[in-house]
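Student: There's a structure below that I have some questions on.
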Amino acid sequence: MQDGRTTLSKFLIDTLDRQPCAAGTAQNAGLSALLIDVAAAIKSISAMLTKGALGGHYGSAHSVNTHGEEQKKLDVATNEVFVQHCEWDGLLAAMASEEMERVYTIPQHYPRGDYLLAFDPLDGSSNIDINGVVGSIFSVLRHVDDRPADAEEPVGESAFLRPGREQVAAGYAIYGPSTMLVLSVGNGTHGFTLERDIGNFVLTHSNIRIPAETAEFAINASNERFWEPPVRRYVQECKDGRTGCRTEDFNMRWIASMVAEVHRILMRGGVFMYPRDSKTPGMHGRLRLLYEANPMSFLVEQAGGLSITGRERILDVVPHTLHGRVPVILGSRNEVERIGRYHGEYDRGEDQPFTSPLFGRRSLFLPGFTA
Ligand code: AFP
């Protein structure tokens, strides 16, 4: 399909609706229509955000979400946009959101459908009041229900507690200088740019591929004292660059919006880390599995990258709760493999003694060094 001319609707019709379905199963029936509704929600949020302070949505909502985090007015408003755009279309059995403590069951006056939608309506909300980049993240699962079709009881949390490899679609919106929708339905990762004056998402980045190599990493370095040794080892080596064991110098980024970090990685490679740390006892990761780590991992793997907790593939992690968190290390394949290797060496007690440039190849303390 041709960049610059293919609309999202045409892409979905060609990719999903015209695909020969396996005999006797409507593999993707309704998925394209659901994604069109998600895209409509994203267009509404984009319009809301471009108003900035004039839109009356800046500041705190003076409420906290299920995680005890202060909600911004836009967190609440964007959550409502997703619900209103998607609850009525007869394609969903239920929704789950970072901003809603419990599963949102489709009201009885709307027909129920075959999919489950989990989403973070506004990722990076700490960037709102500083006019920084924010995004929305979504994940689609098929609703597997062994109850009789006429069952009226609400869909429970357990319906969502499936590993991310079972996603049928995932994507994000990045609200930057341009609004983009980056999406995968399991056949690669593709980027669409919003053509505002017409209101179409147009394919501009088909079949995105993440370079296997990179010299750019993203991590919130203020948490360094809480990281595990393999992460400290990796980051120190990046900082040491060519004065240490790496053959080149590295660059660092941190935008406090996972969507912005992942988008940069899809565009030019890199590694994003929100690793396991000891900062909050009992909390082994910051990012939520269902509607942050899983959809982003799906997109990254579909683009040839890797996404791990440090010790296992994120898409294989079985969720235990709706808002459970995981450590996230994702991006360029060769670097993520290296970080995974460091975790393995550490867990087996095999990791090299932690070295710094003073004890590296060209150090002050080894023969052959000349000032
Ligand atoms: P908010 O949506 O609450 O701003 O959190 C964003 C996020 O979940 C993720 O998008 C960022 O990468 C990460 O948190 C930023 O965390 P720090 O504020 O600890 O840097």
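Following the order of the structure tokens, first chain is A, next is B, and so on, with residues numbered from 1 inside each chain and ligands from 1 in the order they appear.
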As a PyMOL selection string, please: every protein or nucleic acid residue near ligand 1 (cut-off 10 Å, counting only C-alpha atoms and all ligand atoms).

Tutor: chain A and resi 67+69-72+75+98+120-128+134-137+218-223+254-262+272-274+286-288+292-293+328

Student: Excluding Gly156 of chain A and residues on its chain fewer than 4 positions from it, collect all residues at most 9 Å away from it, counting only C-alpha atoms, and give them as number ranges by chain.

Tutor: A: 94, 102-103, 105, 160

Student: Write out as a PyMOL selection string each polymer residue whose atoms come within 8 Å of segment 178-186 of chain A, counting only C-alpha atoms; drop sequence neighbours fewer than 6 positions from it.

Tutor: chain A and resi 39+46+168-172+192-194+201+298-299+302

Student: Show me, as a JSON list (two decimals) with C-alpha atoms, in the first residue's frame, the residues that have an atom within 9 Å of segment 139-146 of chain A when counting only C-alpha atoms, minus same-chain residues fewer than 6 positions from it.

Tutor:
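File produced: result.json:
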```
[["chain", "number", "residue", "atom", "x", "y", "z"],
["A", 31, "LEU", "CA", -11.83, -5.38, 14.32],
["A", 92, "LEU", "CA", -16.73, -4.58, 22.71],
["A", 93, "ALA", "CA", -17.60, -6.78, 25.66],
["A", 94, "ALA", "CA", -15.75, -4.51, 28.10],
["A", 113, "GLY", "CA", -19.20, -7.50, 20.99],
["A", 114, "ASP", "CA", -16.28, -9.88, 20.73],
["A", 115, "TYR", "CA", -13.37, -7.66, 21.76],
["A", 116, "LEU", "CA", -11.81, -6.23, 24.91],
["A", 117, "LEU", "CA", -10.16, -2.80, 24.81],
["A", 118, "ALA", "CA", -7.51, -1.78, 27.37],
["A", 119, "PHE", "CA", -6.09, 1.71, 27.17],
["A", 155, "VAL", "CA", -17.45, -9.15, 32.17],
["A", 159, "ALA", "CA", -11.25, -11.82, 30.94],
["A", 160, "PHE", "CA", -8.36, -9.34, 30.57],
["A", 162, "ARG", "CA", -4.21, -12.96, 29.27],
["A", 164, "GLY", "CA", 0.17, -9.96, 25.58],
["A", 166, "GLU", "CA", -2.78, -12.93, 22.50],
["A", 167, "GLN", "CA", -3.39, -9.31, 21.43],
["A", 168, "VAL", "CA", -5.09, -9.00, 18.04],
["A", 169, "ALA", "CA", -4.20, -5.32, 17.70],
["A", 170, "ALA", "CA", -2.26, -2.62, 19.54],
["A", 171, "GLY", "CA", -1.30, 0.96, 18.91],
["A", 172, "TYR", "CA", -0.61, 4.42, 20.19],
["A", 290, "LEU", "CA", -2.09, -4.47, 30.19],
["A", 291, "TYR", "CA", -2.25, -1.03, 28.60],
["A", 292, "GLU", "CA", 1.34, 0.21, 28.46],
["A", 294, "ASN", "CA", 1.89, -5.12, 26.30],
["A", 295, "PRO", "CA", 0.73, -2.86, 23.44],
["A", 296, "MET", "CA", 4.16, -1.23, 23.17]]
```

Student: Please measure the separation of atom CA of Cys86 of chain A and atom CA of Asp37 of chain A, giving the value in Å to one decimal.

Tutor: 6.0 Å

Student: Extract the full set of helix (DSSP H, G or I) residues from segment 240-316 of chain A according to DSSP on the backbone, and format it as number ranges by chain.

Tutor: A: 240-243, 258-268, 289-302, 314-316

Student: Give me a file of those residues, with N, CA and C atoms, as a short mmCIF file (atom, residue, chain, number, x, y, z; two decimals), in the first residue's frame.

Tutor:
```cif
data_model
loop_
_atom_site.label_atom_id
_atom_site.label_comp_id
_atom_site.auth_asym_id
_atom_site.auth_seq_id
_atom_site.Cartn_x
_atom_site.Cartn_y
_atom_site.Cartn_z
N ASP A 240 30.33 5.34 29.74
CA ASP A 240 31.78 5.27 29.48
C ASP A 240 32.07 5.35 27.99
N GLY A 241 31.12 4.87 27.18
CA GLY A 241 31.31 4.94 25.72
C GLY A 241 32.61 4.28 25.27
N ARG A 242 33.32 4.96 24.38
CA ARG A 242 34.53 4.35 23.82
C ARG A 242 35.69 4.37 24.81
N THR A 243 35.54 5.03 25.94
CA THR A 243 36.61 4.96 26.96
C THR A 243 36.47 3.67 27.77
N MET A 258 6.24 7.46 27.70
CA MET A 258 6.64 6.21 27.04
C MET A 258 6.33 6.27 25.56
N VAL A 259 5.20 6.88 25.21
CA VAL A 259 4.82 6.97 23.79
C VAL A 259 5.90 7.70 23.00
N ALA A 260 6.39 8.81 23.54
CA ALA A 260 7.42 9.59 22.81
C ALA A 260 8.72 8.80 22.71
N GLU A 261 9.06 8.07 23.77
CA GLU A 261 10.31 7.28 23.74
C GLU A 261 10.18 6.14 22.72
N VAL A 262 9.06 5.44 22.75
CA VAL A 262 8.88 4.30 21.83
C VAL A 262 8.82 4.81 20.39
N HIS A 263 8.19 5.97 20.19
CA HIS A 263 8.10 6.49 18.82
C HIS A 263 9.49 6.80 18.28
N ARG A 264 10.33 7.40 19.14
CA ARG A 264 11.70 7.71 18.69
C ARG A 264 12.43 6.43 18.32
N ILE A 265 12.22 5.40 19.13
CA ILE A 265 12.89 4.11 18.88
C ILE A 265 12.39 3.48 17.58
N LEU A 266 11.10 3.58 17.32
CA LEU A 266 10.57 3.05 16.05
C LEU A 266 11.12 3.83 14.86
N MET A 267 11.38 5.12 15.08
CA MET A 267 11.83 5.95 13.96
C MET A 267 13.34 5.80 13.70
N ARG A 268 14.16 5.66 14.80
CA ARG A 268 15.61 5.64 14.56
C ARG A 268 16.37 4.66 15.44
N LEU A 289 1.22 -3.41 32.79
CA LEU A 289 1.37 -4.45 31.78
C LEU A 289 0.28 -4.38 30.71
N LEU A 290 -0.98 -4.30 31.14
CA LEU A 290 -2.09 -4.47 30.19
C LEU A 290 -2.18 -3.38 29.14
N TYR A 291 -1.96 -2.12 29.54
CA TYR A 291 -2.25 -1.03 28.60
C TYR A 291 -1.06 -0.11 28.36
N GLU A 292 0.11 -0.49 28.84
CA GLU A 292 1.34 0.21 28.46
C GLU A 292 2.36 -0.78 27.90
N ALA A 293 2.84 -1.70 28.74
CA ALA A 293 3.92 -2.60 28.32
C ALA A 293 3.49 -3.54 27.20
N ASN A 294 2.30 -4.16 27.32
CA ASN A 294 1.89 -5.12 26.30
C ASN A 294 1.69 -4.50 24.92
N PRO A 295 0.89 -3.42 24.80
CA PRO A 295 0.73 -2.86 23.44
C PRO A 295 2.04 -2.36 22.85
N MET A 296 2.88 -1.73 23.69
CA MET A 296 4.16 -1.23 23.17
C MET A 296 5.08 -2.39 22.77
N SER A 297 5.04 -3.46 23.54
CA SER A 297 5.87 -4.63 23.21
C SER A 297 5.40 -5.27 21.91
N PHE A 298 4.11 -5.31 21.70
CA PHE A 298 3.55 -5.87 20.46
C PHE A 298 4.06 -5.07 19.26
N LEU A 299 3.98 -3.75 19.36
CA LEU A 299 4.42 -2.88 18.26
C LEU A 299 5.91 -3.03 18.00
N VAL A 300 6.69 -3.07 19.11
CA VAL A 300 8.16 -3.16 18.98
C VAL A 300 8.56 -4.49 18.35
N GLU A 301 7.95 -5.59 18.78
CA GLU A 301 8.30 -6.90 18.20
C GLU A 301 7.87 -6.97 16.74
N GLN A 302 6.69 -6.41 16.43
CA GLN A 302 6.24 -6.41 15.04
C GLN A 302 7.18 -5.59 14.15
N ILE A 314 8.16 -9.82 27.57
CA ILE A 314 6.99 -9.20 28.18
C ILE A 314 5.69 -9.81 27.66
N LEU A 315 5.66 -10.13 26.37
CA LEU A 315 4.42 -10.66 25.80
C LEU A 315 4.07 -12.05 26.32
N ASP A 316 4.99 -12.67 27.07
CA ASP A 316 4.68 -13.98 27.68
C ASP A 316 4.24 -13.85 29.13
#
```

Student: Quick one: distance from atom CA of Arg209 of chain A to atom CA of Gly304 of chain A in Å, one decimal?

Tutor: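 These two atoms are separated by 5.9 Å.
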
Student: For Arg313 of chain A, which of A:Gly59, A:Pro163, A:Arg196, A:Val76 is the closest residue, counting only C-alpha atoms?

Tutor: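 Going through A:Gly59, A:Pro163, A:Arg196, A:Val76 one by one, the smallest distance to Arg313 of chain A is for A:Pro163.
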
Student: Under the rule that only C-alpha atoms are counted, which of A:His57, A:Glu101, A:Asp129, A:Gly188 is the nearest residue to Thr15 of chain A?

Tutor: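 Selected residue with least distance to Thr15 of chain A: A:Gly188.
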
Student: Work out how far apart atom CA of Val231 of chain A and atom CA of Phe138 of chain A are and give it in Å to one decimal.

Tutor: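 According to the coordinates, atom CA of Val231 of chain A and atom CA of Phe138 of chain A are separated by 28.1 Å.
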
Student: For Gly269 of chain A, which residue among A:Asn131, A:Ser9, A:Ser307, A:Ser332 is the nearest when counting only C-alpha atoms?

Tutor: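 So, comparing all the options, the nearest one is A:Ser332.
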
Student: Run DSSP on the backbone of this structure and report the residues of segment 42-236 of chain A it assigns to strand (DSSP E), as number ranges by chain.

Tutor: A: 60-64, 70-72, 92-97, 104-105, 115-123, 134-142, 169-175, 179-184, 190-195, 200-205, 216-218
